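Colleague: Would you mind keeping the following structure in view while I ask a few things?
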Amino acid sequence: MEVIPNHTQTVAGWAAMNESGKIEPFIFKRRETGVDDVVIKVQYCGMCHTDLHFIHNDWGITMYPVVPGHEITGVVSKVGTNVSGFKVGDRVGVGCIYASCLDCEHCRRSEENYCDKVTLTYNGIFWDGSVTYGGYSNMIVAHKRFVVRIPNNLPLDAAVPLLCAGITVYSPMKQHGMLQSGGSLGVVGLGGLGHVAVKFGKAFGLKVTVISTSPAKEKEARERLKADDFIVSSNQKQMLAKTRSLDYIIDTVSAKHSLGPILELLKVNGKLVLVAAPDQPVELPSFPLIFGKRTVSGSMTGGMKETQEMMDLCGEHNITCDIELVSTDRINDALARLARNDVRYRFVLNIGGNSKL
Ligand SMILES: [Zn+2]
Ligand SMILES: [Zn+2]
């Protein structure tokens, strides 16, 4: 492993060393605390489906050893001399974006997520040439711009998936006007992303319909998540009965599927947003698009300003995620279950957690 001169702070973490995907303890170095840096003692780290793709090199871009984790919460343990917005003891988080150029049109609009030079929190290349290591570790050093404040009323464990799953659905909801009450929202797929979309929709005053392949999820959707309606997507009669009934759809399904039947659920001029990333093209028939003047768009995470705004809104509405806490000696078991989608709805690694904070 390449040694970078100012990387002097020793960190205990967990990494996949090769394509076997097995996670093991891994000691590494992070950079010295720079003037604009915030040092965070990591307490919790969410386990996102993306972690699995990197661990197993599914996209052919993994740089081993990879320390996954881009839903990170903890407590500030040190700040650089040029940091005024954070102090030791503050409750903070880091999400998917670790750095960007700070200077392009996207960065100036706080759309760092669309910066050409965006650096992801792990398996990215930082300004100093080092490979970024994520939150499966007990400490992280981050530039102040990419640190998010966690409202005091939100627990650091159940809030952690908001940093990826939360902002991923919030950003398109804001862009397409779903923060105003009164509209109707369909959420396709009830997993990590889907369950947050349902909670946001209800908090913003939308009528929320869950669309799922699994009839077994109806009770959960209606009773616990307070969804207003539920459609089994393989039930043609149910799908037909809801034709042209929705203003918006957020599609969170990462398996290959056809958008045709889902688009028929949208009213004329309705909007569908894809937020998951099927590795094969989705089917997009032209008829439901043309005959309903419908729009299909995509969205990838969110900018830093928007992430803070989402987090503050979650504080106001008391929105957190439904999680299963995992101890660090069970990472591999949790990843195996995650690969089977056997989680309700997010695994969160307890790295140094203190629920009293
Ligand atoms: Zn993620
Ligand atoms: Zn930029």
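Residue names in the structure tokens use chain letters A, B, ... in the order shown, residue numbers from 1 in each chain, and ligand numbers from 1 in the order shown.
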Pick out the residues no farther than 8 Å from ligand 2, counting only C-alpha atoms and all ligand atoms, and list them as a list of chain:residue names.
Modeller: A:Ser100, A:Cys101, A:Leu102, A:Asp103, A:Cys104, A:Glu105, A:His106, A:Cys107, A:Arg108, A:Glu112, A:Tyr114, A:Cys115, A:Asp116, A:Lys117, A:Val118
Colleague: The selected residues should be written to file as a short mmCIF file (atom, residue, chain, number, x, y, z; two decimals), in the first residue's frame (atoms: N, CA, C and O atoms).
Modeller:
data_model
loop_
_atom_site.label_atom_id
_atom_site.label_comp_id
_atom_site.auth_asym_id
_atom_site.auth_seq_id
_atom_site.Cartn_x
_atom_site.Cartn_y
_atom_site.Cartn_z
N SER A 100 -15.23 17.61 -3.36
CA SER A 100 -15.50 17.99 -4.75
C SER A 100 -14.56 19.14 -5.06
O SER A 100 -13.78 19.56 -4.19
N CYS A 101 -14.62 19.71 -6.27
CA CYS A 101 -13.62 20.72 -6.64
C CYS A 101 -13.84 22.05 -5.93
O CYS A 101 -12.94 22.86 -5.84
N LEU A 102 -15.03 22.29 -5.41
CA LEU A 102 -15.42 23.51 -4.67
C LEU A 102 -15.57 24.73 -5.57
O LEU A 102 -15.89 25.82 -5.08
N ASP A 103 -15.34 24.61 -6.87
CA ASP A 103 -15.21 25.80 -7.70
C ASP A 103 -16.04 25.78 -8.99
O ASP A 103 -16.20 26.81 -9.63
N CYS A 104 -16.59 24.65 -9.40
CA CYS A 104 -17.30 24.59 -10.68
C CYS A 104 -18.74 25.10 -10.50
O CYS A 104 -19.16 25.42 -9.39
N GLU A 105 -19.49 25.17 -11.59
CA GLU A 105 -20.87 25.69 -11.49
C GLU A 105 -21.71 24.85 -10.53
O GLU A 105 -22.56 25.37 -9.81
N HIS A 106 -21.49 23.55 -10.51
CA HIS A 106 -22.28 22.68 -9.62
C HIS A 106 -21.90 22.91 -8.16
O HIS A 106 -22.76 23.00 -7.30
N CYS A 107 -20.62 23.01 -7.90
CA CYS A 107 -20.17 23.25 -6.52
C CYS A 107 -20.69 24.61 -6.04
O CYS A 107 -21.10 24.73 -4.89
N ARG A 108 -20.66 25.61 -6.93
CA ARG A 108 -21.13 26.94 -6.51
C ARG A 108 -22.61 26.92 -6.16
O ARG A 108 -23.07 27.71 -5.35
N GLU A 112 -22.73 19.55 -5.19
CA GLU A 112 -21.43 18.88 -5.23
C GLU A 112 -21.53 17.48 -5.81
O GLU A 112 -20.58 16.95 -6.38
N TYR A 114 -22.95 16.54 -8.37
CA TYR A 114 -22.81 16.50 -9.83
C TYR A 114 -21.52 17.16 -10.31
O TYR A 114 -21.33 17.37 -11.50
N CYS A 115 -20.61 17.47 -9.39
CA CYS A 115 -19.29 18.01 -9.76
C CYS A 115 -18.53 16.92 -10.53
O CYS A 115 -18.56 15.76 -10.15
N ASP A 116 -17.84 17.34 -11.60
CA ASP A 116 -17.02 16.39 -12.38
C ASP A 116 -15.96 15.71 -11.53
O ASP A 116 -15.52 14.61 -11.84
N LYS A 117 -15.51 16.42 -10.50
CA LYS A 117 -14.39 15.91 -9.70
C LYS A 117 -14.87 15.40 -8.35
O LYS A 117 -14.11 15.39 -7.38
N VAL A 118 -16.11 15.02 -8.27
CA VAL A 118 -16.64 14.55 -6.98
C VAL A 118 -15.84 13.34 -6.47
O VAL A 118 -15.44 12.47 -7.25
#
Colleague: Residues of chain A that approach ligand 1 to 6 Å or less, counting only C-alpha atoms and all ligand atoms: could you list each one with the shortest pair of atoms and its distance in Å to one decimal, rows by chain and increasing residue number, as a Markdown table?
Modeller:
| residue | atom | partner | partner_atom_place_in_ligand_line | distance |
| --- | --- | --- | --- | --- |
| A:Cys48 | CA | ligand 1 | 1 (Zn) | 4.5 |
| A:Thr50 | CA | ligand 1 | 1 (Zn) | 5.5 |
| A:Cys164 | CA | ligand 1 | 1 (Zn) | 4.6 |
Colleague: So how far away is atom CA of A:Val208 from atom CA of A:Ile72, in Å?
Modeller: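 Taking atom CA of A:Ile72 as the start and atom CA of A:Val208 as the end point, the length is 28.8 Å.
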Colleague: Go through A:Leu193, A:Val275, A:Val187, A:Leu162 one by one, measure the shortest atom-to-atom distance of each to A:Arg344 using only C-alpha atoms, and give the residue with the smallest value.
Modeller: A:Leu193
Colleague: DSSP on the backbone: what in stretch 37-97 of chain A comes out strand (DSSP E or B), as a list of chain:residue names?
Modeller: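 Taking stretch 37-97 of chain A and keeping strand (DSSP E or B) gives A:Asp37, A:Val38, A:Val39, A:Ile40, A:Lys41, A:Val42, A:Gln43, A:Tyr44, A:Cys45, A:Gly46, A:Met47, A:Val66, A:Ile72, A:Thr73, A:Gly74, A:Val75, A:Val76, A:Ser77, A:Lys78, A:Val79, A:Arg91, A:Val92, A:Gly93, A:Val94, A:Ile97.
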Colleague: As a VMD selection string, please: every residue in stretch 61-249 of chain A that DSSP puts in helix (DSSP H, G or I).
Modeller: chain A and resid 105 to 108 112 to 114 144 to 146 160 to 163 165 to 175 192 to 203 215 to 224 236 to 241
Colleague: Can you tell me, as an MDAnalysis selection string, what residues are no more than 9 Å from A:Ile23 when counting only C-alpha atoms, ignoring any on the same chain fewer than 4 positions away?
Modeller: chainID A and resid 14:17 55 67 331:332
Colleague: Using only C-alpha atoms, find the one residue out of A:Gly21, A:Pro68, A:Gly85, A:Gly183 that sits nearest to A:Asp333.
Modeller: A:Gly21
Colleague: May I have a table of the residues of stretch 86-186 of chain A lying at most 9 Å from stretch 300-313 of chain A, giving each one's closest pair of atoms and their distance in Å to one decimal, counting only C-alpha atoms, ordered by chain and ascending residue number, as a tab-separated table?
Modeller:
residue	atom	partner	partner_atom	distance
A:Gly95	CA	A:Thr307	CA	8.7
A:Cys96	CA	A:Thr301	CA	7.6
A:Ile97	CA	A:Met304	CA	8.2
A:Cys107	CA	A:Gly303	CA	8.5
A:Arg109	CA	A:Gly303	CA	8.6
A:Ser110	CA	A:Gly303	CA	5.4
A:Glu111	CA	A:Gly303	CA	4.4
A:Glu112	CA	A:Gly303	CA	5.2
A:Asn113	CA	A:Gly303	CA	5.4
A:Tyr114	CA	A:Gly303	CA	8.1
A:Arg145	CA	A:Met304	CA	7.4
A:Phe146	CA	A:Met304	CA	6.4
A:Val147	CA	A:Met304	CA	8.1
A:Val148	CA	A:Gln308	CA	5.8
A:Arg149	CA	A:Gln308	CA	6.8
A:Ile150	CA	A:Met311	CA	6.6
A:Pro151	CA	A:Asp312	CA	6.4
A:Ala159	CA	A:Met311	CA	8.5
A:Leu162	CA	A:Met311	CA	7.3
A:Leu163	CA	A:Thr307	CA	7.3
A:Cys164	CA	A:Thr301	CA	6.7
A:Ala165	CA	A:Thr301	CA	8.1
A:Gly166	CA	A:Met310	CA	7.7
A:Ile167	CA	A:Thr301	CA	5.6
A:Thr168	CA	A:Thr301	CA	4.1
A:Val169	CA	A:Thr301	CA	7.6
A:Tyr170	CA	A:Met310	CA	6.8
A:Ser171	CA	A:Gly302	CA	5.5
A:Pro172	CA	A:Gly302	CA	8.5
Colleague: With N, CA, C and O atoms kept, could you save the residues just selected as a tab-separated table (two decimals), in the first residue's frame?
Modeller:
chain	number	residue	atom	x	y	z
A	95	GLY	N	-21.89	11.70	4.62
A	95	GLY	CA	-22.64	10.83	3.72
A	95	GLY	C	-21.79	10.34	2.56
A	95	GLY	O	-20.62	10.01	2.74
A	96	CYS	N	-22.40	10.30	1.36
A	96	CYS	CA	-21.74	9.70	0.20
A	96	CYS	C	-20.63	10.57	-0.39
A	96	CYS	O	-19.73	10.07	-1.04
A	97	ILE	N	-20.73	11.89	-0.19
A	97	ILE	CA	-19.79	12.80	-0.84
A	97	ILE	C	-18.71	13.22	0.14
A	97	ILE	O	-18.99	13.76	1.21
A	107	CYS	N	-20.62	23.01	-7.90
A	107	CYS	CA	-20.17	23.25	-6.52
A	107	CYS	C	-20.69	24.61	-6.04
A	107	CYS	O	-21.10	24.73	-4.89
A	109	ARG	N	-23.36	26.00	-6.77
A	109	ARG	CA	-24.79	25.87	-6.44
A	109	ARG	C	-25.05	24.83	-5.35
A	109	ARG	O	-26.19	24.42	-5.14
A	110	SER	N	-24.00	24.37	-4.72
A	110	SER	CA	-24.07	23.27	-3.75
A	110	SER	C	-24.75	22.03	-4.34
A	110	SER	O	-25.58	21.38	-3.72
A	111	GLU	N	-24.36	21.76	-5.58
A	111	GLU	CA	-24.73	20.46	-6.20
A	111	GLU	C	-23.44	19.67	-6.33
A	111	GLU	O	-23.07	19.22	-7.42
A	112	GLU	N	-22.73	19.55	-5.19
A	112	GLU	CA	-21.43	18.88	-5.23
A	112	GLU	C	-21.53	17.48	-5.81
A	112	GLU	O	-20.58	16.95	-6.38
A	113	ASN	N	-22.71	16.88	-5.64
A	113	ASN	CA	-22.90	15.51	-6.14
A	113	ASN	C	-22.78	15.41	-7.66
A	113	ASN	O	-22.53	14.34	-8.19
A	114	TYR	N	-22.95	16.54	-8.37
A	114	TYR	CA	-22.81	16.50	-9.83
A	114	TYR	C	-21.52	17.16	-10.31
A	114	TYR	O	-21.33	17.37	-11.50
A	145	ARG	N	-16.93	21.35	4.81
A	145	ARG	CA	-18.05	21.52	3.88
A	145	ARG	C	-18.88	20.24	3.73
A	145	ARG	O	-20.05	20.28	3.35
A	146	PHE	N	-18.25	19.10	3.99
A	146	PHE	CA	-18.92	17.82	3.73
A	146	PHE	C	-19.38	17.13	5.02
A	146	PHE	O	-19.63	15.94	5.04
A	147	VAL	N	-19.45	17.93	6.08
A	147	VAL	CA	-19.92	17.41	7.38
A	147	VAL	C	-21.33	17.94	7.64
A	147	VAL	O	-21.60	19.11	7.40
A	148	VAL	N	-22.21	17.06	8.08
A	148	VAL	CA	-23.62	17.41	8.29
A	148	VAL	C	-23.92	17.38	9.78
A	148	VAL	O	-23.45	16.51	10.51
A	149	ARG	N	-24.69	18.35	10.21
A	149	ARG	CA	-25.08	18.44	11.62
A	149	ARG	C	-26.31	17.54	11.85
A	149	ARG	O	-27.24	17.55	11.05
A	150	ILE	N	-26.31	16.77	12.93
A	150	ILE	CA	-27.46	15.90	13.22
A	150	ILE	C	-28.29	16.55	14.34
A	150	ILE	O	-27.75	16.81	15.42
A	151	PRO	N	-29.57	16.83	14.09
A	151	PRO	CA	-30.40	17.47	15.11
A	151	PRO	C	-30.39	16.67	16.42
A	151	PRO	O	-30.32	15.43	16.39
A	159	ALA	N	-30.70	7.69	12.68
A	159	ALA	CA	-30.59	8.80	11.73
A	159	ALA	C	-29.57	8.50	10.64
A	159	ALA	O	-29.59	9.12	9.58
A	162	LEU	N	-30.24	8.22	6.84
A	162	LEU	CA	-30.71	9.43	6.16
A	162	LEU	C	-29.61	10.01	5.28
A	162	LEU	O	-29.88	10.65	4.26
A	163	LEU	N	-28.34	9.77	5.65
A	163	LEU	CA	-27.21	10.35	4.93
A	163	LEU	C	-27.02	9.77	3.53
A	163	LEU	O	-26.34	10.37	2.69
A	164	CYS	N	-27.59	8.59	3.26
A	164	CYS	CA	-27.60	8.09	1.88
A	164	CYS	C	-29.03	7.86	1.43
A	164	CYS	O	-29.53	8.54	0.55
A	165	ALA	N	-29.72	6.92	2.07
A	165	ALA	CA	-31.09	6.61	1.66
A	165	ALA	C	-31.98	7.85	1.73
A	165	ALA	O	-32.77	8.13	0.83
A	166	GLY	N	-31.85	8.61	2.80
A	166	GLY	CA	-32.70	9.78	3.00
A	166	GLY	C	-32.51	10.84	1.93
A	166	GLY	O	-33.46	11.25	1.26
A	167	ILE	N	-31.28	11.26	1.72
A	167	ILE	CA	-31.03	12.34	0.76
A	167	ILE	C	-31.31	11.86	-0.68
A	167	ILE	O	-31.75	12.62	-1.54
A	168	THR	N	-31.11	10.58	-0.92
A	168	THR	CA	-31.36	10.03	-2.27
A	168	THR	C	-32.83	10.20	-2.67
A	168	THR	O	-33.12	10.48	-3.84
A	169	VAL	N	-33.75	10.05	-1.74
A	169	VAL	CA	-35.16	10.25	-2.10
A	169	VAL	C	-35.60	11.70	-1.88
A	169	VAL	O	-36.46	12.20	-2.59
A	170	TYR	N	-34.96	12.39	-0.93
A	170	TYR	CA	-35.39	13.78	-0.65
A	170	TYR	C	-35.07	14.71	-1.82
A	170	TYR	O	-35.91	15.56	-2.19
A	171	SER	N	-33.90	14.58	-2.39
A	171	SER	CA	-33.48	15.51	-3.44
A	171	SER	C	-34.47	15.54	-4.62
A	171	SER	O	-34.94	16.62	-4.99
A	172	PRO	N	-34.84	14.40	-5.20
A	172	PRO	CA	-35.84	14.46	-6.28
A	172	PRO	C	-37.23	14.87	-5.79
A	172	PRO	O	-37.99	15.48	-6.53
Colleague: From the options A:Lys41, A:Lys202, A:His195, A:His7, which residue's atoms come nearest to A:Lys217, counting only C-alpha atoms?
Modeller: A:His195
Colleague: Applying 10 Å and only C-alpha atoms, which residues near stretch 24-34 of chain A remain after dropping the ones on its own chain fewer than 2 positions away? List them as a JSON list (two decimals) with N, CA, C and O atoms, in the first residue's frame.
Modeller:
[["chain", "number", "residue", "atom", "x", "y", "z"],
["A", 1, "MET", "N", 0.85, -1.20, 0.00],
["A", 1, "MET", "CA", 0.00, 0.00, 0.00],
["A", 1, "MET", "C", 0.88, 1.25, 0.00],
["A", 1, "MET", "O", 1.85, 1.33, 0.73],
["A", 3, "VAL", "N", 2.34, 4.80, 0.78],
["A", 3, "VAL", "CA", 2.34, 5.62, 2.00],
["A", 3, "VAL", "C", 2.36, 7.09, 1.60],
["A", 3, "VAL", "O", 3.19, 7.53, 0.82],
["A", 4, "ILE", "N", 1.42, 7.86, 2.12],
["A", 4, "ILE", "CA", 1.35, 9.28, 1.80],
["A", 4, "ILE", "C", 1.87, 10.04, 3.02],
["A", 4, "ILE", "O", 1.44, 9.79, 4.15],
["A", 5, "PRO", "N", 2.84, 10.97, 2.81],
["A", 5, "PRO", "CA", 3.60, 11.55, 3.91],
["A", 5, "PRO", "C", 2.78, 12.09, 5.08],
["A", 5, "PRO", "O", 3.10, 11.80, 6.23],
["A", 6, "ASN", "N", 1.72, 12.86, 4.81],
["A", 6, "ASN", "CA", 1.04, 13.45, 5.97],
["A", 6, "ASN", "C", -0.09, 12.58, 6.50],
["A", 6, "ASN", "O", -0.91, 13.03, 7.28],
["A", 7, "HIS", "N", -0.12, 11.33, 6.06],
["A", 7, "HIS", "CA", -1.15, 10.44, 6.60],
["A", 7, "HIS", "C", -0.57, 9.76, 7.84],
["A", 7, "HIS", "O", 0.14, 8.77, 7.76],
["A", 8, "THR", "N", -0.89, 10.37, 8.98],
["A", 8, "THR", "CA", -0.21, 10.00, 10.22],
["A", 8, "THR", "C", -1.15, 9.48, 11.30],
["A", 8, "THR", "O", -0.70, 9.00, 12.32],
["A", 9, "GLN", "N", -2.47, 9.63, 11.09],
["A", 9, "GLN", "CA", -3.38, 9.25, 12.17],
["A", 9, "GLN", "C", -3.84, 7.81, 11.96],
["A", 9, "GLN", "O", -4.44, 7.47, 10.95],
["A", 10, "THR", "N", -3.57, 6.99, 12.94],
["A", 10, "THR", "CA", -3.88, 5.56, 12.83],
["A", 10, "THR", "C", -5.35, 5.29, 13.16],
["A", 10, "THR", "O", -5.90, 5.82, 14.11],
["A", 11, "VAL", "N", -5.96, 4.48, 12.31],
["A", 11, "VAL", "CA", -7.39, 4.20, 12.43],
["A", 11, "VAL", "C", -7.61, 2.69, 12.40],
["A", 11, "VAL", "O", -6.96, 1.98, 11.63],
["A", 12, "ALA", "N", -8.51, 2.22, 13.24],
["A", 12, "ALA", "CA", -8.91, 0.81, 13.18],
["A", 12, "ALA", "C", -10.18, 0.73, 12.35],
["A", 12, "ALA", "O", -11.15, 1.44, 12.62],
["A", 13, "GLY", "N", -10.14, -0.12, 11.33],
["A", 13, "GLY", "CA", -11.32, -0.23, 10.47],
["A", 13, "GLY", "C", -11.56, -1.66, 10.05],
["A", 13, "GLY", "O", -10.95, -2.60, 10.58],
["A", 14, "TRP", "N", -12.45, -1.82, 9.08],
["A", 14, "TRP", "CA", -12.80, -3.12, 8.53],
["A", 14, "TRP", "C", -12.82, -2.99, 7.02],
["A", 14, "TRP", "O", -13.42, -2.04, 6.49],
["A", 15, "ALA", "N", -12.16, -3.93, 6.35],
["A", 15, "ALA", "CA", -12.02, -3.81, 4.91],
["A", 15, "ALA", "C", -12.20, -5.15, 4.22],
["A", 15, "ALA", "O", -11.99, -6.21, 4.83],
["A", 16, "ALA", "N", -12.59, -5.09, 2.93],
["A", 16, "ALA", "CA", -12.48, -6.26, 2.07],
["A", 16, "ALA", "C", -11.12, -6.14, 1.39],
["A", 16, "ALA", "O", -10.81, -5.11, 0.80],
["A", 17, "MET", "N", -10.29, -7.18, 1.48],
["A", 17, "MET", "CA", -8.93, -7.11, 0.94],
["A", 17, "MET", "C", -8.89, -7.53, -0.53],
["A", 17, "MET", "O", -7.93, -7.24, -1.23],
["A", 21, "GLY", "N", -14.57, -10.76, -1.00],
["A", 21, "GLY", "CA", -15.62, -9.96, -0.36],
["A", 21, "GLY", "C", -15.68, -10.14, 1.14],
["A", 21, "GLY", "O", -16.53, -9.55, 1.80],
["A", 22, "LYS", "N", -14.78, -10.94, 1.68],
["A", 22, "LYS", "CA", -14.80, -11.13, 3.14],
["A", 22, "LYS", "C", -14.24, -9.89, 3.82],
["A", 22, "LYS", "O", -13.20, -9.38, 3.45],
["A", 36, "ASP", "N", -9.07, 23.13, 7.62],
["A", 36, "ASP", "CA", -10.51, 23.10, 7.35],
["A", 36, "ASP", "C", -11.17, 21.77, 7.74],
["A", 36, "ASP", "O", -12.31, 21.51, 7.38],
["A", 37, "ASP", "N", -10.43, 20.94, 8.43],
["A", 37, "ASP", "CA", -10.93, 19.58, 8.69],
["A", 37, "ASP", "C", -11.65, 19.44, 10.03],
["A", 37, "ASP", "O", -11.35, 20.14, 11.00],
["A", 38, "VAL", "N", -12.57, 18.49, 10.01],
["A", 38, "VAL", "CA", -13.28, 18.08, 11.22],
["A", 38, "VAL", "C", -12.93, 16.61, 11.45],
["A", 38, "VAL", "O", -13.02, 15.80, 10.52],
["A", 39, "VAL", "N", -12.51, 16.27, 12.66],
["A", 39, "VAL", "CA", -12.22, 14.86, 12.98],
["A", 39, "VAL", "C", -13.42, 14.30, 13.73],
["A", 39, "VAL", "O", -13.92, 14.93, 14.67],
["A", 65, "PRO", "N", -7.30, -2.56, -0.65],
["A", 65, "PRO", "CA", -8.41, -2.88, 0.25],
["A", 65, "PRO", "C", -9.46, -1.78, 0.25],
["A", 65, "PRO", "O", -9.12, -0.61, 0.19],
["A", 66, "VAL", "N", -10.74, -2.19, 0.30],
["A", 66, "VAL", "CA", -11.81, -1.19, 0.33],
["A", 66, "VAL", "C", -12.45, -1.19, 1.72],
["A", 66, "VAL", "O", -12.82, -2.23, 2.25],
["A", 67, "VAL", "N", -12.48, -0.01, 2.31],
["A", 67, "VAL", "CA", -13.18, 0.20, 3.60],
["A", 67, "VAL", "C", -14.52, 0.85, 3.25],
["A", 67, "VAL", "O", -14.56, 2.01, 2.91],
["A", 78, "LYS", "N", -12.11, 16.75, 17.16],
["A", 78, "LYS", "CA", -11.09, 17.77, 16.95],
["A", 78, "LYS", "C", -11.48, 18.59, 15.72],
["A", 78, "LYS", "O", -12.10, 18.05, 14.81],
["A", 79, "VAL", "N", -11.15, 19.88, 15.72],
["A", 79, "VAL", "CA", -11.40, 20.68, 14.51],
["A", 79, "VAL", "C", -10.15, 21.45, 14.13],
["A", 79, "VAL", "O", -9.33, 21.80, 15.00],
["A", 80, "GLY", "N", -10.01, 21.74, 12.83],
["A", 80, "GLY", "CA", -8.88, 22.53, 12.35],
["A", 80, "GLY", "C", -9.05, 24.00, 12.73],
["A", 80, "GLY", "O", -10.15, 24.44, 13.11],
["A", 81, "THR", "N", -7.97, 24.77, 12.58],
["A", 81, "THR", "CA", -7.97, 26.17, 13.05],
["A", 81, "THR", "C", -8.91, 27.06, 12.25],
["A", 81, "THR", "O", -9.29, 28.13, 12.70],
["A", 82, "ASN", "N", -9.30, 26.64, 11.06],
["A", 82, "ASN", "CA", -10.15, 27.45, 10.21],
["A", 82, "ASN", "C", -11.62, 27.00, 10.26],
["A", 82, "ASN", "O", -12.43, 27.36, 9.41],
["A", 83, "VAL", "N", -11.96, 26.17, 11.24],
["A", 83, "VAL", "CA", -13.33, 25.65, 11.34],
["A", 83, "VAL", "C", -14.06, 26.38, 12.46],
["A", 83, "VAL", "O", -13.63, 26.35, 13.62],
["A", 128, "ASP", "N", -5.27, 14.83, -2.32],
["A", 128, "ASP", "CA", -3.84, 14.53, -2.15],
["A", 128, "ASP", "C", -3.43, 13.22, -2.83],
["A", 128, "ASP", "O", -2.30, 12.75, -2.67],
["A", 130, "SER", "N", -4.70, 10.26, -2.33],
["A", 130, "SER", "CA", -4.97, 9.05, -1.55],
["A", 130, "SER", "C", -6.34, 8.47, -1.89],
["A", 130, "SER", "O", -7.25, 9.19, -2.30],
["A", 132, "THR", "N", -9.86, 7.07, -0.77],
["A", 132, "THR", "CA", -10.68, 7.33, 0.41],
["A", 132, "THR", "C", -11.16, 6.03, 1.05],
["A", 132, "THR", "O", -11.46, 5.06, 0.36],
["A", 133, "TYR", "N", -11.17, 6.05, 2.38],
["A", 133, "TYR", "CA", -11.67, 4.93, 3.16],
["A", 133, "TYR", "C", -12.92, 5.38, 3.92],
["A", 133, "TYR", "O", -12.95, 6.45, 4.51],
["A", 136, "TYR", "N", -16.65, 2.21, 7.85],
["A", 136, "TYR", "CA", -16.45, 0.99, 8.64],
["A", 136, "TYR", "C", -15.11, 1.18, 9.36],
["A", 136, "TYR", "O", -14.12, 0.47, 9.10],
["A", 137, "SER", "N", -15.04, 2.14, 10.24],
["A", 137, "SER", "CA", -13.78, 2.52, 10.89],
["A", 137, "SER", "C", -14.11, 3.38, 12.10],
["A", 137, "SER", "O", -15.20, 3.91, 12.20],
["A", 139, "MET", "N", -12.66, 6.25, 13.12],
["A", 139, "MET", "CA", -12.41, 7.68, 13.03],
["A", 139, "MET", "C", -12.35, 8.12, 11.58],
["A", 139, "MET", "O", -11.92, 7.36, 10.72],
["A", 140, "ILE", "N", -12.86, 9.33, 11.30],
["A", 140, "ILE", "CA", -12.74, 9.85, 9.95],
["A", 140, "ILE", "C", -12.38, 11.34, 10.02],
["A", 140, "ILE", "O", -12.80, 12.05, 10.94],
["A", 141, "VAL", "N", -11.58, 11.78, 9.07],
["A", 141, "VAL", "CA", -11.22, 13.19, 8.93],
["A", 141, "VAL", "C", -11.94, 13.71, 7.70],
["A", 141, "VAL", "O", -11.81, 13.13, 6.62],
["A", 142, "ALA", "N", -12.74, 14.77, 7.84],
["A", 142, "ALA", "CA", -13.49, 15.27, 6.68],
["A", 142, "ALA", "C", -13.41, 16.79, 6.61],
["A", 142, "ALA", "O", -13.36, 17.48, 7.63],
["A", 143, "HIS", "N", -13.38, 17.32, 5.39],
["A", 143, "HIS", "CA", -13.41, 18.77, 5.17],
["A", 143, "HIS", "C", -14.77, 19.28, 5.68],
["A", 143, "HIS", "O", -15.81, 18.66, 5.45],
["A", 328, "THR", "N", -19.64, -5.20, 15.34],
["A", 328, "THR", "CA", -18.59, -5.27, 14.30],
["A", 328, "THR", "C", -18.08, -6.70, 14.05],
["A", 328, "THR", "O", -17.48, -6.96, 13.02],
["A", 329, "ASP", "N", -18.36, -7.62, 14.97],
["A", 329, "ASP", "CA", -17.94, -9.00, 14.70],
["A", 329, "ASP", "C", -18.96, -9.75, 13.84],
["A", 329, "ASP", "O", -18.76, -10.91, 13.51],
["A", 331, "ILE", "N", -20.22, -8.33, 10.85],
["A", 331, "ILE", "CA", -20.33, -7.62, 9.57],
["A", 331, "ILE", "C", -20.60, -8.58, 8.41],
["A", 331, "ILE", "O", -21.48, -8.36, 7.58],
["A", 332, "ASN", "N", -19.84, -9.68, 8.37],
["A", 332, "ASN", "CA", -20.00, -10.60, 7.24],
["A", 332, "ASN", "C", -21.38, -11.26, 7.21],
["A", 332, "ASN", "O", -21.95, -11.45, 6.14]]
